[in-house]
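Structure first, then comments.
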Amino acid sequence: MTFERLLRNEANVSRLVTSAHGRVGLPRPQAVRRADAKVSRDLTRAALETAHHAALKEGASTFLTSLSVPFFGLPEDKAEQATDIRPDFAVVAPRRDNGTVVGSWLVMGDAKDYERVRSRIGDNRLLKGFLQVALGAEAAKQWAEIPDGMSVHDRGVLAVPRNSFLQPTIVAEELKDHRREVRARVAERVALLATAEPPVSHSSSSSTSPTDSSGSASPPDVPDEVLAAWVNHIEAVFDPQSCSTCSLFNLCRDQLRASDDPESLLVELGIAAEDRPALFGLLDGSGTVGPHVSQRLADVVRATRNGRPLRTGRLRSDPVGEPRTVDVILAKSDSATLGVHGMALRATDPAGNTAPWSSYTFSAPQAPATRRHVMRLLGEQLARVMTPADPTTGLAAPIHLIVPDSPTADLLVSIADSLAGIEINRLRWARDLEAGRVPLTYDGEPVDMPEPLDEAARLAVSFLLEEDRARAFVSRTPIVVLRDVLAFHLVPGGPLVDAGRLDLLTAWASADPDTPIDHRAVADAIADSPHTPGARLANATSDAIHRAMPKPGRSGRTLRTSPEYRRLITEELHYKTTVVDQAVEALSFIPASATRAIRESFEGSAQAVWRRRLDYRANDLVRFGRTTRLWRNNQVELFDSDTQADRLCTLLADTCVATDAAHDAGVRDVALARVVATNPLQLEVASRRIGEGTTAMALHVNGQACIEHDTIELKEQKGSVQLRGMPTGVFEPTNDEDDPSWYWTTTVDLDAFAAEPTGEGTEILLLLDVELKQRPAGAVNIDRPTVDASNAPKATCTDDSYHEDPQNHGFCCQNHESREAGVSDFFAEQRAQGLMNPEVWPPLVDTDGFDVAALTQPAVTTVDETDRPPTDLTMDDLD
């Protein structure tokens, strides 16, 4: 509602209409009018007629809001039962032929207050928005009462926030394919109405379906007994994740819970239909599991039936609770993309001392000052855990942020992304002031000069942008998600989707081992909790905090924080910190894996590049969305080495993953072998790739990871980590041509790596075609992932490198102050030549999308927010 209020603001209407013209390829509007149809079909008809005549007579464009257009394609007896389609806005523009106005264009639009995560809106969200625009465009095209001479344009527009101030911008797209899909979807629904059969799925209706006032699909006239029979047969379509937004979800789940059919439990858990037959043995008492079923799926069923969580047996390779880590918790504001109500954090210093939690409450959750405060607090903790780099190697132990869930990481990185953009613009405007120029936004408006980032905030922003650059690499862990770590070691019972909450995992992890757990009672208690373990709040708590939140006074200054607001935030943060403490305690009982040191070594090598970026203040504020195409192309080459290194570490430490890989026909380098004789060692290998001279390394012997044995030595090398003492060898054929087994002579005795002596039937998981080193004999190297050398200072760069040789150091160690000063001068030259003025046509597109508000533009921080959300509308109505 706030975004729509900004959309209709007088200061934004002309800008939006002009942008819409430019995005769809129309000439600049000569004049802009506005009208409101008040969600009335009659008023919409009249407003369109008036706008059409204004386009013909005056050449004016009209911004129409709150339209109401009848649904299309329905039989006459059903048409009036369907709720009208309600586009948020449309633009009526003159339609010209050789410069002469011959009619008008109707450009359909919709308003979407999409959150920009890491400066971008996801393509799938834009797709859904343009489908709704296409629905309105197709309905208008088929409406017989639109004015003669008015044509629906082939392109449509979305008004979306261009920054965290919710200032709207226009995005346009061709609607031809979207309208074709809309027509197909409507035809499907019409066919269902004609046959009077219930839908094939009970999930929520799509945006292209006819809806009633509550937003749900208009039901056909179906006899009660037919509808009851359909609801009672839900096994084929019920999914606890995708069905959770359906109004029938609780009904279907209750029926599954009450059913005596064992398959109903598998349906309730979210087990796919193709996997259920293989898991029936876990329900009928036989205990057998079909082949090629994921170990984790089987463990979920076992944990549910037994009422006790299962430990995966994997050792820890994560840094949770270790030195040089910072635990971070946020309470996100639902009323703003980057709003933060509260924050709690603590650090574990290099000596291993963990400080108590420090909690903070912010009275203005969506203010830029709050975001800077969050980064400043985080930067101070990061500075505490950083250690100096080794002067000889340039490497230092890596640091990590520990967050409870992925949305917390996304929020932190998005805040850093926003502040980095503001700081880059500030540097450009500082150059304008130095050169005696008036600082202007990209659109040529007077700027609201932001405050500079202090050193602590700069450190946090820089580190979080390193996470942004590292997100495509599986081995990189600047930010560690605690929920994912705990789920790696613990398998709870209940639906698979429930394991997505950290507090449910900790509830299973801390339960009394002598008392079976009712997975339904635990899941229901967690779902009904007023608190959440992650950044996003429960609906009831979010509403209560919003009501208690301080409101701006008449002077524009925020009023003092109320005790109720502080109490609600404090309780929420206390719950979150308690859950994190429980998770850390649960992990503390799991021993560390030898691969932890390998992964820390890899991360340290990668963070050495970030430290150089930070030290030289060069490219450390470059957001992922602003990186060059050359840089992104270079990352593709790095991705292969990163994936391979991560995969080898996982295969070495995780028996379950290695077993699944051996059973996967598409995996060629992992094989399962069984001992058929011991003197000499003779193996039967389930792989057709074995031949004379094939090299192999034993990963696991009878479920025991070989790398975890205390005789294994890890040797750090410049380009790899070497494993010494692992059982390796070469396959040789037996003398019997009819014998499918092979001799395998190992460098070390396998008996040392298993709980029992190696004998007939011993199972060995092998990694094939490994490169064996001569010194020491049988050693195996794990290559380090290639580090990012593009747009980053090199190890050979110095403080004077750019000044002495700007030609060769312009893309590596030139600091931001120098680089942005050059950009500012370039913009000034372009404006002097008339190429970046607001009058340029078509409108320039600010691809950076920096979070900077012009002084003349209304924003979420200035618009009146006294209105309360309407209680008679659903989310579907608002969408």
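Convention: chains lettered A, B, ... in structure tokens order; per-chain residue numbering from 1; ligands numbered from 1 as shown.
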
* Asked: Contacts of segment 521-536 of chain A at 9 Å or less, counting only C-alpha atoms, minus same-chain residues fewer than 6 places along, as a PyMOL selection string?
  -> chain A and resi 329-334+340+403-409+411+494-495+498+501-504+507-508+542+571-573+575-580

* Could you pull the residues within 12 Å of Arg724 of chain A, counting only C-alpha atoms, minus those fewer than 3 positions along the same chain, as JSON, numbers by chain? -> {"A": [697, 706, 707, 709, 710, 711, 712, 713, 714, 715, 716, 721, 727, 728, 747, 748, 772, 773, 774, 775, 776, 777, 778, 779, 780, 781, 782]}

Fewer than 3 positions away in the same chain doesn't count, so skip those; otherwise give me all residues within 10 Å of Asn634 of chain A, counting only C-alpha atoms, as an mmCIF file with all heavy atoms, in the first residue's frame.
```cif
data_model
loop_
_atom_site.group_PDB
_atom_site.id
_atom_site.type_symbol
_atom_site.label_atom_id
_atom_site.label_comp_id
_atom_site.auth_asym_id
_atom_site.auth_seq_id
_atom_site.Cartn_x
_atom_site.Cartn_y
_atom_site.Cartn_z
ATOM 1 N N ARG A 629 31.376 -8.005 -17.795
ATOM 2 C CA ARG A 629 31.151 -9.284 -18.468
ATOM 3 C C ARG A 629 32.447 -10.106 -18.504
ATOM 4 O O ARG A 629 32.415 -11.329 -18.354
ATOM 5 C CB ARG A 629 30.634 -9.044 -19.885
ATOM 6 C CG ARG A 629 30.311 -10.317 -20.647
ATOM 7 C CD ARG A 629 29.795 -9.990 -22.030
ATOM 8 N NE ARG A 629 28.541 -9.267 -21.965
ATOM 9 C CZ ARG A 629 27.344 -9.852 -21.851
ATOM 10 N NH1 ARG A 629 27.260 -11.172 -21.795
ATOM 11 N NH2 ARG A 629 26.246 -9.135 -21.806
ATOM 12 N N LEU A 630 33.588 -9.448 -18.708
ATOM 13 C CA LEU A 630 34.854 -10.164 -18.718
ATOM 14 C C LEU A 630 35.104 -10.848 -17.391
ATOM 15 O O LEU A 630 35.540 -12.005 -17.336
ATOM 16 C CB LEU A 630 35.998 -9.186 -19.033
ATOM 17 C CG LEU A 630 37.418 -9.775 -18.990
ATOM 18 C CD1 LEU A 630 37.563 -10.864 -20.040
ATOM 19 C CD2 LEU A 630 38.455 -8.670 -19.196
ATOM 20 N N TRP A 631 34.813 -10.126 -16.286
ATOM 21 C CA TRP A 631 35.013 -10.732 -14.962
ATOM 22 C C TRP A 631 34.120 -11.946 -14.786
ATOM 23 O O TRP A 631 34.559 -12.992 -14.312
ATOM 24 C CB TRP A 631 34.725 -9.686 -13.884
ATOM 25 C CG TRP A 631 34.986 -10.182 -12.488
ATOM 26 C CD1 TRP A 631 36.163 -10.135 -11.808
ATOM 27 C CD2 TRP A 631 34.051 -10.825 -11.616
ATOM 28 N NE1 TRP A 631 36.018 -10.686 -10.568
ATOM 29 C CE2 TRP A 631 34.728 -11.133 -10.414
ATOM 30 C CE3 TRP A 631 32.712 -11.175 -11.728
ATOM 31 C CZ2 TRP A 631 34.117 -11.759 -9.352
ATOM 32 C CZ3 TRP A 631 32.092 -11.800 -10.659
ATOM 33 C CH2 TRP A 631 32.783 -12.083 -9.490
ATOM 34 N N GLU A 637 35.680 -20.260 -15.573
ATOM 35 C CA GLU A 637 36.855 -21.118 -15.536
ATOM 36 C C GLU A 637 37.216 -21.497 -14.101
ATOM 37 O O GLU A 637 37.737 -22.590 -13.857
ATOM 38 C CB GLU A 637 38.028 -20.399 -16.202
ATOM 39 C CG GLU A 637 37.771 -20.032 -17.667
ATOM 40 C CD GLU A 637 38.917 -19.244 -18.266
ATOM 41 O OE1 GLU A 637 39.928 -19.047 -17.539
ATOM 42 O OE2 GLU A 637 38.827 -18.836 -19.437
ATOM 43 N N LEU A 638 36.962 -20.596 -13.160
ATOM 44 C CA LEU A 638 37.263 -20.902 -11.760
ATOM 45 C C LEU A 638 36.273 -21.888 -11.162
ATOM 46 O O LEU A 638 36.598 -22.609 -10.211
ATOM 47 C CB LEU A 638 37.242 -19.609 -10.926
ATOM 48 C CG LEU A 638 38.084 -18.436 -11.422
ATOM 49 C CD1 LEU A 638 37.998 -17.297 -10.425
ATOM 50 C CD2 LEU A 638 39.524 -18.847 -11.628
ATOM 51 N N PHE A 639 35.074 -21.902 -11.716
ATOM 52 C CA PHE A 639 34.011 -22.707 -11.121
ATOM 53 C C PHE A 639 34.336 -24.194 -11.173
ATOM 54 O O PHE A 639 34.036 -24.936 -10.226
ATOM 55 C CB PHE A 639 32.690 -22.429 -11.839
ATOM 56 C CG PHE A 639 31.513 -23.154 -11.270
ATOM 57 C CD1 PHE A 639 30.923 -22.719 -10.105
ATOM 58 C CD2 PHE A 639 31.004 -24.286 -11.885
ATOM 59 C CE1 PHE A 639 29.843 -23.386 -9.563
ATOM 60 C CE2 PHE A 639 29.920 -24.953 -11.353
ATOM 61 C CZ PHE A 639 29.338 -24.510 -10.192
ATOM 62 N N ASP A 788 40.357 -15.858 -7.512
ATOM 63 C CA ASP A 788 39.937 -14.804 -8.428
ATOM 64 C C ASP A 788 41.093 -13.815 -8.629
ATOM 65 O O ASP A 788 41.512 -13.143 -7.701
ATOM 66 C CB ASP A 788 38.711 -14.091 -7.851
ATOM 67 C CG ASP A 788 38.191 -13.004 -8.762
ATOM 68 O OD1 ASP A 788 38.642 -12.920 -9.916
ATOM 69 O OD2 ASP A 788 37.312 -12.242 -8.319
ATOM 70 N N ALA A 789 41.582 -13.750 -9.851
ATOM 71 C CA ALA A 789 42.657 -12.808 -10.170
ATOM 72 C C ALA A 789 42.185 -11.700 -11.088
ATOM 73 O O ALA A 789 42.994 -10.910 -11.570
ATOM 74 C CB ALA A 789 43.829 -13.556 -10.821
ATOM 75 N N SER A 790 40.869 -11.626 -11.345
ATOM 76 C CA SER A 790 40.326 -10.594 -12.227
ATOM 77 C C SER A 790 39.824 -9.425 -11.390
ATOM 78 O O SER A 790 39.132 -9.612 -10.391
ATOM 79 C CB SER A 790 39.167 -11.156 -13.053
ATOM 80 O OG SER A 790 39.601 -12.223 -13.865
#
```

* Which of segment 327-501 of chain A fall in alpha helix (DSSP H), as a PyMOL selection string -> chain A and resi 368-385+406-434+455-470+482-489

* Contacts of Leu377 of chain A within 9 Å, only C-alpha atoms, excl. fewer than 5 positions in-chain, as an MDAnalysis selection string -> chainID A and resid 345 372 382 456:457 460

* segment 18-21 of chain A environment, 7 Å, only C-alpha atoms, sequence neighbours closer than 4 positions dropped, as a ChimeraX atom specification -> /A:14,25-29,157,170,843

Could you save the residues just selected, with C-alpha atoms, as a PDB file, in the first residue's frame?
```pdb
ATOM      1  CA  SER A  14       4.996  12.445 -15.018  1.00  0.00           C
ATOM      2  CA  GLY A  25       9.126   2.821 -27.860  1.00  0.00           C
ATOM      3  CA  LEU A  26       6.651   5.697 -28.007  1.00  0.00           C
ATOM      4  CA  PRO A  27       7.567   9.385 -28.531  1.00  0.00           C
ATOM      5  CA  ARG A  28       7.946  11.661 -25.539  1.00  0.00           C
ATOM      6  CA  PRO A  29       4.515  12.700 -24.174  1.00  0.00           C
ATOM      7  CA  VAL A 157       4.991  -2.343 -18.068  1.00  0.00           C
ATOM      8  CA  ILE A 170       9.286   1.220 -15.020  1.00  0.00           C
ATOM      9  CA  PRO A 843      15.164   7.968 -21.302  1.00  0.00           C
TER      10      PRO A 843
END
```

* Non-local contacts of Ala795 of chain A (12 Å; only C-alpha atoms; under 2 positions in same chain excluded) as a ChimeraX atom specification -> /A:391-395,605,608-613,615-616,787-789,792-793,797-799,801,812-813

Pull N, CA and C atoms from the residues just selected and write them as a JSON list (two decimals), in the first residue's frame.
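Saved the output as selection_27.json:
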```json
[["chain", "number", "residue", "atom", "x", "y", "z"],
["A", 391, "PRO", "N", 53.58, -12.54, 6.78],
["A", 391, "PRO", "CA", 54.34, -11.67, 5.87],
["A", 391, "PRO", "C", 55.07, -12.42, 4.76],
["A", 392, "THR", "N", 55.38, -13.69, 4.97],
["A", 392, "THR", "CA", 56.11, -14.44, 3.95],
["A", 392, "THR", "C", 55.19, -14.98, 2.86],
["A", 393, "THR", "N", 54.01, -15.49, 3.27],
["A", 393, "THR", "CA", 53.09, -16.08, 2.29],
["A", 393, "THR", "C", 51.97, -15.14, 1.89],
["A", 394, "GLY", "N", 51.70, -14.10, 2.69],
["A", 394, "GLY", "CA", 50.59, -13.21, 2.40],
["A", 394, "GLY", "C", 49.24, -13.79, 2.77],
["A", 395, "LEU", "N", 49.22, -14.97, 3.41],
["A", 395, "LEU", "CA", 47.97, -15.63, 3.77],
["A", 395, "LEU", "C", 47.66, -15.40, 5.24],
["A", 605, "SER", "N", 43.01, -19.01, 1.22],
["A", 605, "SER", "CA", 43.63, -18.58, -0.04],
["A", 605, "SER", "C", 42.72, -17.60, -0.78],
["A", 608, "ALA", "N", 42.55, -14.16, 0.92],
["A", 608, "ALA", "CA", 43.74, -13.35, 0.75],
["A", 608, "ALA", "C", 43.54, -12.33, -0.36],
["A", 609, "VAL", "N", 42.79, -12.71, -1.40],
["A", 609, "VAL", "CA", 42.49, -11.77, -2.48],
["A", 609, "VAL", "C", 41.59, -10.66, -1.95],
["A", 610, "TRP", "N", 40.58, -11.02, -1.12],
["A", 610, "TRP", "CA", 39.70, -10.00, -0.55],
["A", 610, "TRP", "C", 40.48, -9.04, 0.34],
["A", 611, "ARG", "N", 41.42, -9.56, 1.12],
["A", 611, "ARG", "CA", 42.21, -8.69, 2.00],
["A", 611, "ARG", "C", 43.01, -7.67, 1.18],
["A", 612, "ARG", "N", 43.51, -8.09, 0.03],
["A", 612, "ARG", "CA", 44.23, -7.14, -0.82],
["A", 612, "ARG", "C", 43.26, -6.09, -1.38],
["A", 613, "ARG", "N", 42.05, -6.52, -1.75],
["A", 613, "ARG", "CA", 41.04, -5.55, -2.19],
["A", 613, "ARG", "C", 40.78, -4.52, -1.09],
["A", 615, "ASP", "N", 42.74, -3.74, 1.57],
["A", 615, "ASP", "CA", 43.91, -2.95, 1.92],
["A", 615, "ASP", "C", 44.15, -1.83, 0.90],
["A", 616, "TYR", "N", 43.96, -2.14, -0.37],
["A", 616, "TYR", "CA", 44.18, -1.14, -1.42],
["A", 616, "TYR", "C", 42.93, -0.31, -1.72],
["A", 787, "VAL", "N", 41.99, -19.09, -7.43],
["A", 787, "VAL", "CA", 41.46, -17.87, -6.81],
["A", 787, "VAL", "C", 41.18, -16.82, -7.88],
["A", 788, "ASP", "N", 40.36, -15.86, -7.51],
["A", 788, "ASP", "CA", 39.94, -14.80, -8.43],
["A", 788, "ASP", "C", 41.09, -13.81, -8.63],
["A", 789, "ALA", "N", 41.58, -13.75, -9.85],
["A", 789, "ALA", "CA", 42.66, -12.81, -10.17],
["A", 789, "ALA", "C", 42.19, -11.70, -11.09],
["A", 792, "ALA", "N", 41.24, -7.52, -9.28],
["A", 792, "ALA", "CA", 41.66, -7.61, -7.89],
["A", 792, "ALA", "C", 43.16, -7.35, -7.83],
["A", 793, "PRO", "N", 43.63, -6.68, -6.77],
["A", 793, "PRO", "CA", 45.08, -6.47, -6.65],
["A", 793, "PRO", "C", 45.83, -7.79, -6.61],
["A", 797, "CYS", "N", 51.36, -6.36, -6.40],
["A", 797, "CYS", "CA", 51.00, -4.94, -6.39],
["A", 797, "CYS", "C", 51.51, -4.26, -5.13],
["A", 798, "THR", "N", 51.81, -2.98, -5.25],
["A", 798, "THR", "CA", 52.21, -2.16, -4.10],
["A", 798, "THR", "C", 51.34, -0.91, -4.06],
["A", 799, "ASP", "N", 51.54, -0.10, -3.04],
["A", 799, "ASP", "CA", 50.75, 1.12, -2.90],
["A", 799, "ASP", "C", 50.98, 2.09, -4.05],
["A", 801, "SER", "N", 51.83, 1.13, -7.23],
["A", 801, "SER", "CA", 51.79, 0.46, -8.54],
["A", 801, "SER", "C", 50.95, 1.22, -9.54],
["A", 812, "CYS", "N", 43.36, -3.49, -11.50],
["A", 812, "CYS", "CA", 43.66, -4.34, -10.34],
["A", 812, "CYS", "C", 43.73, -3.53, -9.04],
["A", 813, "CYS", "N", 44.63, -2.53, -8.97],
["A", 813, "CYS", "CA", 44.85, -1.89, -7.68],
["A", 813, "CYS", "C", 44.54, -0.40, -7.67]]
```

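Residue nearest Ser818 of chain A within the list A:Leu412, A:Thr655, A:Arg483, A:Arg431: A:Arg431 [criterion: smallest interatomic distance, only C-alpha atoms].
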
* Asked: Hey, what's within 9 Å of segment 740-745 of chain A if we count only C-alpha atoms and toss same-chain stuff fewer than 5 positions away? As a PyMOL selection string, please?
  -> chain A and resi 676+680-685+690-692+696+728-734

Export, as a PDB file, in the first residue's frame, the selected residues with C-alpha atoms.
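Listed below is the output, selection.pdb:
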```
ATOM      1  CA  VAL A 676      36.734 -61.661  -2.134  1.00  0.00           C
ATOM      2  CA  PRO A 680      46.747 -61.235  -1.865  1.00  0.00           C
ATOM      3  CA  LEU A 681      43.995 -58.617  -1.651  1.00  0.00           C
ATOM      4  CA  GLN A 682      41.418 -59.365  -4.302  1.00  0.00           C
ATOM      5  CA  LEU A 683      38.440 -57.090  -5.039  1.00  0.00           C
ATOM      6  CA  GLU A 684      35.253 -57.433  -6.974  1.00  0.00           C
ATOM      7  CA  VAL A 685      34.465 -53.926  -8.282  1.00  0.00           C
ATOM      8  CA  ILE A 690      38.483 -51.027 -14.137  1.00  0.00           C
ATOM      9  CA  GLY A 691      41.374 -52.217 -16.272  1.00  0.00           C
ATOM     10  CA  GLU A 692      44.991 -53.165 -15.896  1.00  0.00           C
ATOM     11  CA  ALA A 696      42.419 -46.041  -7.063  1.00  0.00           C
ATOM     12  CA  THR A 728      46.110 -46.273  -2.680  1.00  0.00           C
ATOM     13  CA  GLY A 729      47.080 -48.808  -5.296  1.00  0.00           C
ATOM     14  CA  VAL A 730      46.979 -50.090  -8.849  1.00  0.00           C
ATOM     15  CA  PHE A 731      44.662 -52.797 -10.185  1.00  0.00           C
ATOM     16  CA  GLU A 732      46.176 -55.893 -11.796  1.00  0.00           C
ATOM     17  CA  PRO A 733      44.288 -58.765 -13.460  1.00  0.00           C
ATOM     18  CA  THR A 734      44.067 -62.226 -11.942  1.00  0.00           C
TER      19      THR A 734
END
```

* Asked: Taking only C-alpha atoms into account, which of A:Arg311, A:Ala499, A:Thr354, A:Ala658 comes nearest Phe589 of chain A?
  -> A:Arg311

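Nearest to Asp514 of chain A of all the residues A:Pro309, A:Thr650, A:Ser359, A:Leu266 is A:Pro309, counting only C-alpha atoms.
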
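Compared by their closest atoms to Val480 of chain A, and using only C-alpha atoms, the residues A:Leu672, A:Leu648, A:Ala344, A:Val326 rank with A:Val326 nearest.
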
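Restricting the calculation to only C-alpha atoms, the smallest distance between Arg185 of chain A and any of A:Gly73, A:Pro240, A:Pro439, A:Gly122 is found for A:Gly73.
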
* In Å to one decimal, how far is atom CA of Gly22 of chain A from atom CA of Ser66 of chain A? -> 22.7 Å

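Distance annotation: of A:Thr62, A:Ser475, A:Ser242, A:Gln255, the residue with the minimal separation from Thr595 of chain A is A:Ser475; atom set is only C-alpha atoms.
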
* Could you check how far atom CA of Val374 of chain A sits from atom CA of Arg458 of chain A, in Å to one decimal? => 11.4 Å
